$ cat data.cif   # mmCIF, C-alpha atoms
data_input
loop_
_atom_site.group_PDB
_atom_site.id
_atom_site.type_symbol
_atom_site.label_atom_id
_atom_site.label_comp_id
_atom_site.auth_asym_id
_atom_site.auth_seq_id
_atom_site.Cartn_x
_atom_site.Cartn_y
_atom_site.Cartn_z
ATOM 1 C CA MET K 1 -22.534 21.691 12.386
ATOM 2 C CA PRO K 2 -23.027 25.412 11.652
ATOM 3 C CA SER K 3 -26.418 26.795 10.734
ATOM 4 C CA PRO K 4 -27.140 27.120 6.989
ATOM 5 C CA GLY K 5 -26.005 30.373 5.434
ATOM 6 C CA ALA K 6 -24.708 32.161 2.385
ATOM 7 C CA PHE K 7 -22.075 34.753 1.504
ATOM 8 C CA LEU K 8 -21.051 37.067 -1.313
ATOM 9 C CA ASN K 9 -17.472 38.201 -1.958
ATOM 10 C CA TYR K 10 -17.006 40.994 -4.455
ATOM 11 C CA ASP K 11 -14.186 42.949 -6.036
ATOM 12 C CA PHE K 12 -14.977 46.006 -8.145
ATOM 13 C CA SER K 13 -12.539 48.251 -9.987
ATOM 14 C CA ALA K 14 -12.970 51.383 -12.095
ATOM 15 C CA GLN K 15 -10.598 53.754 -13.856
ATOM 16 C CA HIS K 16 -10.754 56.789 -16.106
ATOM 17 C CA ALA K 17 -7.839 57.742 -18.330
ATOM 18 C CA SER K 18 -7.367 59.592 -21.617
ATOM 19 C CA GLY K 19 -11.065 60.302 -21.952
ATOM 20 C CA SER K 20 -12.144 56.658 -21.595
ATOM 21 C CA ALA K 21 -13.593 54.834 -18.626
ATOM 22 C CA SER K 22 -13.576 51.171 -17.725
ATOM 23 C CA ALA K 23 -14.904 49.103 -14.881
ATOM 24 C CA GLY K 24 -14.725 45.445 -13.927
ATOM 25 C CA ALA K 25 -16.070 43.095 -11.307
ATOM 26 C CA GLN K 26 -15.355 39.673 -9.885
ATOM 27 C CA LEU K 27 -17.984 37.973 -7.726
ATOM 28 C CA GLU K 28 -18.031 34.830 -5.603
ATOM 29 C CA LEU K 29 -21.358 33.498 -4.342
ATOM 30 C CA GLY K 30 -21.445 30.722 -1.786
ATOM 31 C CA ALA K 31 -23.860 28.766 0.365
ATOM 32 C CA PHE K 32 -23.243 26.232 3.133
ATOM 33 C CA ALA K 33 -25.250 23.713 5.168
ATOM 34 C CA ALA K 34 -24.586 20.412 6.958
ATOM 35 C CA GLY K 35 -20.921 20.163 6.002
ATOM 36 C CA LEU K 36 -21.494 21.116 2.361
ATOM 37 C CA VAL K 37 -20.170 24.315 0.783
ATOM 38 C CA ALA K 38 -21.136 25.362 -2.746
ATOM 39 C CA THR K 39 -19.369 28.271 -4.452
ATOM 40 C CA THR K 40 -19.291 29.804 -7.906
ATOM 41 C CA GLN K 41 -17.095 32.618 -9.244
ATOM 42 C CA VAL K 42 -17.797 34.929 -12.175
ATOM 43 C CA VAL K 43 -15.855 37.832 -13.701
ATOM 44 C CA ASN K 44 -16.652 40.707 -16.028
ATOM 45 C CA PRO K 45 -13.587 42.777 -17.018
ATOM 46 C CA ASN K 46 -15.619 45.414 -18.883
ATOM 47 C CA LEU K 47 -18.842 46.453 -17.176
ATOM 48 C CA ALA K 48 -18.807 49.851 -18.926
ATOM 49 C CA ALA K 49 -19.274 48.141 -22.293
ATOM 50 C CA HIS K 50 -22.034 45.913 -20.896
ATOM 51 C CA GLY K 51 -19.822 42.881 -21.262
ATOM 52 C CA ARG K 52 -21.011 39.458 -20.200
ATOM 53 C CA PHE K 53 -19.990 37.729 -17.001
ATOM 54 C CA THR K 54 -17.774 34.674 -17.499
ATOM 55 C CA ARG K 55 -17.990 31.827 -15.039
ATOM 56 C CA LEU K 56 -14.577 30.907 -13.647
ATOM 57 C CA GLU K 57 -15.263 27.939 -11.408
ATOM 58 C CA SER K 58 -18.043 26.251 -9.489
ATOM 59 C CA THR K 59 -17.395 23.770 -6.706
ATOM 60 C CA ILE K 60 -19.322 21.730 -4.168
ATOM 61 C CA THR K 61 -17.160 20.661 -1.219
ATOM 62 C CA LEU K 62 -18.053 18.077 1.408
ATOM 63 C CA ALA K 63 -15.840 18.381 4.497
ATOM 64 C CA ARG K 64 -14.985 15.198 6.403
ATOM 65 C CA PRO K 65 -13.350 16.420 9.664
ATOM 66 C CA ALA K 66 -12.934 12.902 11.065
ATOM 67 C CA GLN K 67 -10.783 11.916 8.068
ATOM 68 C CA LEU K 68 -9.124 15.356 7.784
ATOM 69 C CA ALA K 69 -10.154 15.334 4.123
ATOM 70 C CA SER K 70 -12.587 16.928 1.692
ATOM 71 C CA LEU K 71 -14.474 15.716 -1.361
ATOM 72 C CA ARG K 72 -14.759 18.324 -4.112
ATOM 73 C CA VAL K 73 -16.919 18.131 -7.223
ATOM 74 C CA GLY K 74 -16.858 20.934 -9.760
ATOM 75 C CA ASP K 75 -14.774 22.678 -12.365
ATOM 76 C CA SER K 76 -12.297 25.486 -12.886
ATOM 77 C CA ILE K 77 -11.634 27.700 -15.900
ATOM 78 C CA SER K 78 -9.835 24.888 -17.714
ATOM 79 C CA ARG K 79 -11.003 21.564 -16.307
ATOM 80 C CA GLY K 80 -13.523 19.865 -14.068
ATOM 81 C CA GLY K 81 -13.905 16.679 -12.137
ATOM 82 C CA ILE K 82 -13.800 15.019 -8.731
ATOM 83 C CA GLN K 83 -11.127 15.410 -6.078
ATOM 84 C CA TRP K 84 -10.596 13.580 -2.762
ATOM 85 C CA VAL K 85 -7.902 15.516 -0.925
ATOM 86 C CA SER K 86 -6.397 15.790 2.533
ATOM 87 C CA ASP K 87 -7.567 19.004 4.187
ATOM 88 C CA PHE K 88 -5.974 19.820 7.531
ATOM 89 C CA ALA K 89 -7.464 23.335 7.458
ATOM 90 C CA ILE K 90 -10.921 22.035 8.432
ATOM 91 C CA GLN K 91 -9.528 21.493 11.941
ATOM 92 C CA PRO K 92 -7.442 24.662 12.507
ATOM 93 C CA GLU K 93 -6.324 23.547 15.979
ATOM 94 C CA PHE K 94 -4.935 20.274 14.621
ATOM 95 C CA ILE K 95 -1.119 20.202 14.646
ATOM 96 C CA THR K 96 0.363 18.361 11.665
ATOM 97 C CA PHE K 97 4.101 18.664 12.333
ATOM 98 C CA PRO K 98 6.009 16.470 14.821
ATOM 99 C CA LEU K 99 6.365 17.932 18.314
ATOM 100 C CA PRO K 100 9.377 17.530 20.625
ATOM 101 C CA VAL K 101 9.371 14.710 23.205
ATOM 102 C CA LEU K 102 11.201 15.218 26.500
ATOM 103 C CA ALA K 103 12.107 12.240 28.707
ATOM 104 C CA GLY K 104 14.049 11.689 31.903
ATOM 105 C CA SER K 105 13.855 10.240 35.391
ATOM 106 C CA SER K 106 13.440 11.635 38.903
ATOM 107 C CA ALA K 107 14.130 9.790 42.156
ATOM 108 C CA LEU K 108 11.541 11.891 44.039
ATOM 109 C CA PRO K 109 8.313 13.665 43.108
ATOM 110 C CA ALA K 110 9.234 16.808 41.226
ATOM 111 C CA THR K 111 7.979 19.841 39.356
ATOM 112 C CA ALA K 112 8.855 20.402 35.705
ATOM 113 C CA GLN K 113 8.945 23.770 34.010
ATOM 114 C CA VAL K 114 8.991 23.757 30.222
ATOM 115 C CA PHE K 115 10.524 26.691 28.350
ATOM 116 C CA VAL K 116 10.131 27.134 24.590
ATOM 117 C CA ASN K 117 12.732 29.545 23.216
ATOM 118 C CA ASN K 118 13.418 30.757 26.790
ATOM 119 C CA ALA K 119 9.742 31.579 27.419
ATOM 120 C CA LEU K 120 7.899 29.609 30.116
ATOM 121 C CA SER K 121 5.285 27.500 28.347
ATOM 122 C CA TYR K 122 3.794 25.502 31.210
ATOM 123 C CA GLN K 123 4.507 23.795 34.529
ATOM 124 C CA HIS K 124 3.681 20.210 35.449
ATOM 125 C CA ASP K 125 3.977 17.978 38.546
ATOM 126 C CA LEU K 126 5.826 14.678 38.111
ATOM 127 C CA ASP K 127 5.716 11.465 40.120
ATOM 128 C CA ALA K 128 8.910 9.696 41.141
ATOM 129 C CA GLY K 129 10.409 7.486 38.423
ATOM 130 C CA PRO K 130 10.862 7.817 34.672
ATOM 131 C CA PHE K 131 8.755 10.357 32.803
ATOM 132 C CA SER K 132 8.067 11.288 29.200
ATOM 133 C CA MET K 133 6.337 14.443 28.018
ATOM 134 C CA ARG K 134 4.870 14.334 24.524
ATOM 135 C CA GLY K 135 3.191 17.061 22.555
ATOM 136 C CA VAL K 136 5.366 19.834 23.914
ATOM 137 C CA PRO K 137 4.011 23.019 22.273
ATOM 138 C CA ALA K 138 6.372 24.559 19.738
ATOM 139 C CA VAL K 139 6.210 27.477 17.354
ATOM 140 C CA SER K 140 7.030 27.212 13.660
ATOM 141 C CA GLY K 141 10.657 27.435 12.683
ATOM 142 C CA GLN K 142 13.830 26.423 14.481
ATOM 143 C CA GLY K 143 13.937 26.580 18.253
ATOM 144 C CA GLU K 144 14.866 25.021 21.558
ATOM 145 C CA VAL K 145 12.817 23.332 24.252
ATOM 146 C CA ARG K 146 14.273 23.293 27.772
ATOM 147 C CA MET K 147 12.749 21.451 30.715
ATOM 148 C CA VAL K 148 13.902 22.225 34.255
ATOM 149 C CA VAL K 149 13.028 19.486 36.764
ATOM 150 C CA ARG K 150 13.271 20.245 40.524
ATOM 151 C CA ASP K 151 12.566 17.511 43.068
ATOM 152 C CA LEU K 152 11.529 17.816 46.735
ATOM 153 C CA LEU K 153 15.176 18.217 47.798
ATOM 154 C CA ARG K 154 15.535 21.150 45.360
ATOM 155 C CA ARG K 155 17.868 19.122 43.149
ATOM 156 C CA GLU K 156 17.684 20.315 39.586
ATOM 157 C CA GLN K 157 18.201 18.701 36.212
ATOM 158 C CA VAL K 158 17.916 20.409 32.845
ATOM 159 C CA ILE K 159 16.855 18.632 29.639
ATOM 160 C CA VAL K 160 17.389 20.485 26.361
ATOM 161 C CA GLN K 161 16.209 19.522 22.883
ATOM 162 C CA GLN K 162 16.531 21.362 19.582
ATOM 163 C CA TYR K 163 13.599 21.200 17.169
ATOM 164 C CA TYR K 164 12.420 22.379 13.770
ATOM 165 C CA ALA K 165 8.707 22.758 13.050
ATOM 166 C CA ALA K 166 7.012 23.704 9.768
ATOM 167 C CA ARG K 167 3.600 23.250 8.182
ATOM 168 C CA ASN K 168 5.049 21.195 5.319
ATOM 169 C CA LEU K 169 6.381 18.581 7.767
ATOM 170 C CA LEU K 170 4.010 15.773 8.727
ATOM 171 C CA ARG K 171 4.251 13.739 11.876
ATOM 172 C CA SER K 172 4.185 9.952 11.756
ATOM 173 C CA GLY K 173 0.796 8.503 10.835
ATOM 174 C CA LEU K 174 -0.394 11.440 8.698
ATOM 175 C CA ASP K 175 -0.655 11.510 4.909
ATOM 176 C CA ASP K 176 -0.992 14.468 2.556
ATOM 177 C CA PHE K 177 -2.768 13.191 -0.545
ATOM 178 C CA SER K 178 -4.869 14.224 -3.515
ATOM 179 C CA TYR K 179 -6.775 11.861 -5.810
ATOM 180 C CA GLU K 180 -8.286 13.564 -8.843
ATOM 181 C CA PHE K 181 -10.193 12.584 -11.939
ATOM 182 C CA GLY K 182 -11.549 14.991 -14.525
ATOM 183 C CA ARG K 183 -11.631 16.275 -18.056
ATOM 184 C CA GLN K 184 -11.177 19.500 -19.973
ATOM 185 C CA ARG K 185 -14.078 21.879 -19.615
ATOM 186 C CA ALA K 186 -16.052 22.673 -22.784
ATOM 187 C CA GLY K 187 -15.048 25.905 -24.454
ATOM 188 C CA ARG K 188 -11.312 25.689 -23.656
ATOM 189 C CA ARG K 189 -9.023 23.858 -26.072
ATOM 190 C CA ASP K 190 -5.665 25.133 -24.849
ATOM 191 C CA ALA K 191 -5.363 23.159 -21.628
ATOM 192 C CA PRO K 192 -4.655 19.417 -21.554
ATOM 193 C CA ALA K 193 -6.959 17.157 -19.577
ATOM 194 C CA THR K 194 -5.055 14.453 -17.817
ATOM 195 C CA PRO K 195 -6.563 12.283 -15.076
ATOM 196 C CA CYS K 196 -4.146 12.004 -12.199
ATOM 197 C CA ALA K 197 -3.778 10.459 -8.764
ATOM 198 C CA THR K 198 -1.129 11.600 -6.324
ATOM 199 C CA GLY K 199 -0.376 10.699 -2.769
#
$ encode --input "data.cif" --output "structure tokens"
Amino acid sequence: MPSPGAFLNYDFSAQHASGSASAGAQLELGAFAAGLVATTQVVNPNLAAHGRFTRLESTITLARPAQLASLRVGDSISRGGIQWVSDFAIQPEFITFPLPVLAGSSALPATAQVFVNNALSYQHDLDAGPFSMRGVPAVSGQGEVRMVVRDLLRREQVIVQQYYAARNLLRSGLDDFSYEFGRQRAGRRDAPATPCATG
């Protein structure tokens, strides 16, 4: 777990035109400790007229890396509530899309070279017999994986597989879900408040 800390994001703007001046600001204040992150955002579109800051949203998020999910409690400009949602971003190295699988057989011990889009990705020694290589690294988009297998007698076999990888594709066993329950925030009457659960 990271050490406790806090941060402040800010965005200021000012302009002067036709003899009048205006300035505005949007602020986000956050604090984090032990897997919890609390943030609140406020905005003031007219600092020059000593306008009041309006709170946009406040959220407390509990990250659950083992479940690849987050629990959020808070509100936005129009509604507030509780949300249990899949969150793959809390493990940036985690690959969500299906990766190519290369399989074959070699009568003798061999060396395999794996090329992704004609660029050497890695090299691996193989024992005699059938083999299967899972988790072949691939970049997003459409591409080709080619494995060149050379045995001790310098005999060569080439295995080619086309693939398509994208962040919105999920490999088998993963779910992208969001369960939410909330109500309209006080002070706003123009936005409907509808509890929902999606998966």
$ resolve_selection --input "data.cif" --expression "the PyMOL selection byres ((chain K and resi 90-94) around 12)" --output "JSON, numbers by chain"
{"K": [35, 61, 62, 63, 64, 65, 66, 67, 68, 69, 70, 85, 86, 87, 88, 89, 95, 96, 97, 98, 135, 167, 170, 171, 174]}
$ resolve_selection --input "data.cif" --expression "the PyMOL selection byres ((chain K and resi 28) around 6)" --output "JSON, numbers by chain"
{"K": [8, 9, 27, 29, 40, 41]}
$ residues_around --input "data.cif" --residues "Gln113 of chain K" --least-positions-apart "3" --cutoff "8 Å" --atoms "all atoms listed in the file" --output "mmCIF file with C-alpha atoms, keeping the file's coordinate frame"
data_model
loop_
_atom_site.group_PDB
_atom_site.id
_atom_site.type_symbol
_atom_site.label_atom_id
_atom_site.label_comp_id
_atom_site.auth_asym_id
_atom_site.auth_seq_id
_atom_site.Cartn_x
_atom_site.Cartn_y
_atom_site.Cartn_z
ATOM 1 C CA LEU K 120 7.899 29.609 30.116
ATOM 2 C CA SER K 121 5.285 27.500 28.347
ATOM 3 C CA TYR K 122 3.794 25.502 31.210
ATOM 4 C CA GLN K 123 4.507 23.795 34.529
ATOM 5 C CA HIS K 124 3.681 20.210 35.449
ATOM 6 C CA MET K 147 12.749 21.451 30.715
ATOM 7 C CA VAL K 148 13.902 22.225 34.255
ATOM 8 C CA VAL K 149 13.028 19.486 36.764
#
$ atom_distance --input "data.cif" --atom1 "atom CA of Gly80 of chain K" --atom2 "atom CA of Thr59 of chain K"
9.2 Å
$ atom_distance --input "data.cif" --atom1 "atom CA of Asp151 of chain K" --atom2 "atom CA of Pro109 of chain K"
5.7 Å
$ resolve_selection --input "data.cif" --expression "the PyMOL selection byres ((chain K and resi 43-48) around 6)" --output "ChimeraX atom specification"
/K:22-26,42,49-51,53-54
$ atom_distance --input "data.cif" --atom1 "atom CA of Pro100 of chain K" --atom2 "atom CA of Ala166 of chain K"
12.7 Å
$ decode --input "data.cif" --residues "segment 171-185 of chain K" --atoms "N, CA and C atoms" --output "PDB file, in the first residue's frame"
ATOM      1  N   ARG K 171     -11.067 -11.457 -22.196  1.00  0.00           N
ATOM      2  CA  ARG K 171     -10.776 -12.867 -22.344  1.00  0.00           C
ATOM      3  C   ARG K 171     -11.707 -13.685 -21.460  1.00  0.00           C
ATOM      4  N   SER K 172     -11.761 -14.976 -21.720  1.00  0.00           N
ATOM      5  CA  SER K 172     -12.656 -15.863 -20.983  1.00  0.00           C
ATOM      6  C   SER K 172     -12.367 -15.804 -19.483  1.00  0.00           C
ATOM      7  N   GLY K 173     -13.434 -15.734 -18.696  1.00  0.00           N
ATOM      8  CA  GLY K 173     -13.290 -15.709 -17.240  1.00  0.00           C
ATOM      9  C   GLY K 173     -13.355 -14.320 -16.637  1.00  0.00           C
ATOM     10  N   LEU K 174     -13.335 -13.262 -17.455  1.00  0.00           N
ATOM     11  CA  LEU K 174     -13.412 -11.900 -16.951  1.00  0.00           C
ATOM     12  C   LEU K 174     -14.803 -11.321 -17.197  1.00  0.00           C
ATOM     13  N   ASP K 175     -15.238 -10.458 -16.294  1.00  0.00           N
ATOM     14  CA  ASP K 175     -16.520  -9.779 -16.423  1.00  0.00           C
ATOM     15  C   ASP K 175     -16.314  -8.280 -16.249  1.00  0.00           C
ATOM     16  N   ASP K 176     -17.001  -7.504 -17.057  1.00  0.00           N
ATOM     17  CA  ASP K 176     -17.025  -6.052 -16.923  1.00  0.00           C
ATOM     18  C   ASP K 176     -18.412  -5.673 -16.427  1.00  0.00           C
ATOM     19  N   PHE K 177     -18.509  -5.209 -15.184  1.00  0.00           N
ATOM     20  CA  PHE K 177     -19.816  -5.010 -14.573  1.00  0.00           C
ATOM     21  C   PHE K 177     -19.875  -3.683 -13.828  1.00  0.00           C
ATOM     22  N   SER K 178     -21.090  -3.252 -13.542  1.00  0.00           N
ATOM     23  CA  SER K 178     -21.323  -2.080 -12.715  1.00  0.00           C
ATOM     24  C   SER K 178     -22.681  -2.231 -12.045  1.00  0.00           C
ATOM     25  N   TYR K 179     -22.681  -2.265 -10.718  1.00  0.00           N
ATOM     26  CA  TYR K 179     -23.915  -2.314  -9.938  1.00  0.00           C
ATOM     27  C   TYR K 179     -24.039  -0.981  -9.199  1.00  0.00           C
ATOM     28  N   GLU K 180     -25.143  -0.292  -9.402  1.00  0.00           N
ATOM     29  CA  GLU K 180     -25.302   1.047  -8.857  1.00  0.00           C
ATOM     30  C   GLU K 180     -26.667   1.205  -8.189  1.00  0.00           C
ATOM     31  N   PHE K 181     -26.662   1.994  -7.130  1.00  0.00           N
ATOM     32  CA  PHE K 181     -27.916   2.359  -6.485  1.00  0.00           C
ATOM     33  C   PHE K 181     -27.768   3.784  -5.970  1.00  0.00           C
ATOM     34  N   GLY K 182     -28.740   4.633  -6.273  1.00  0.00           N
ATOM     35  CA  GLY K 182     -28.629   6.016  -5.824  1.00  0.00           C
ATOM     36  C   GLY K 182     -29.918   6.778  -6.001  1.00  0.00           C
ATOM     37  N   ARG K 183     -29.839   8.065  -5.768  1.00  0.00           N
ATOM     38  CA  ARG K 183     -30.987   8.942  -5.898  1.00  0.00           C
ATOM     39  C   ARG K 183     -30.526  10.309  -6.361  1.00  0.00           C
ATOM     40  N   GLN K 184     -31.491  11.115  -6.793  1.00  0.00           N
ATOM     41  CA  GLN K 184     -31.191  12.460  -7.265  1.00  0.00           C
ATOM     42  C   GLN K 184     -30.675  13.307  -6.118  1.00  0.00           C
ATOM     43  N   ARG K 185     -29.629  14.075  -6.412  1.00  0.00           N
ATOM     44  CA  ARG K 185     -29.048  14.925  -5.386  1.00  0.00           C
ATOM     45  C   ARG K 185     -29.932  16.136  -5.143  1.00  0.00           C
TER      46      ARG K 185
END
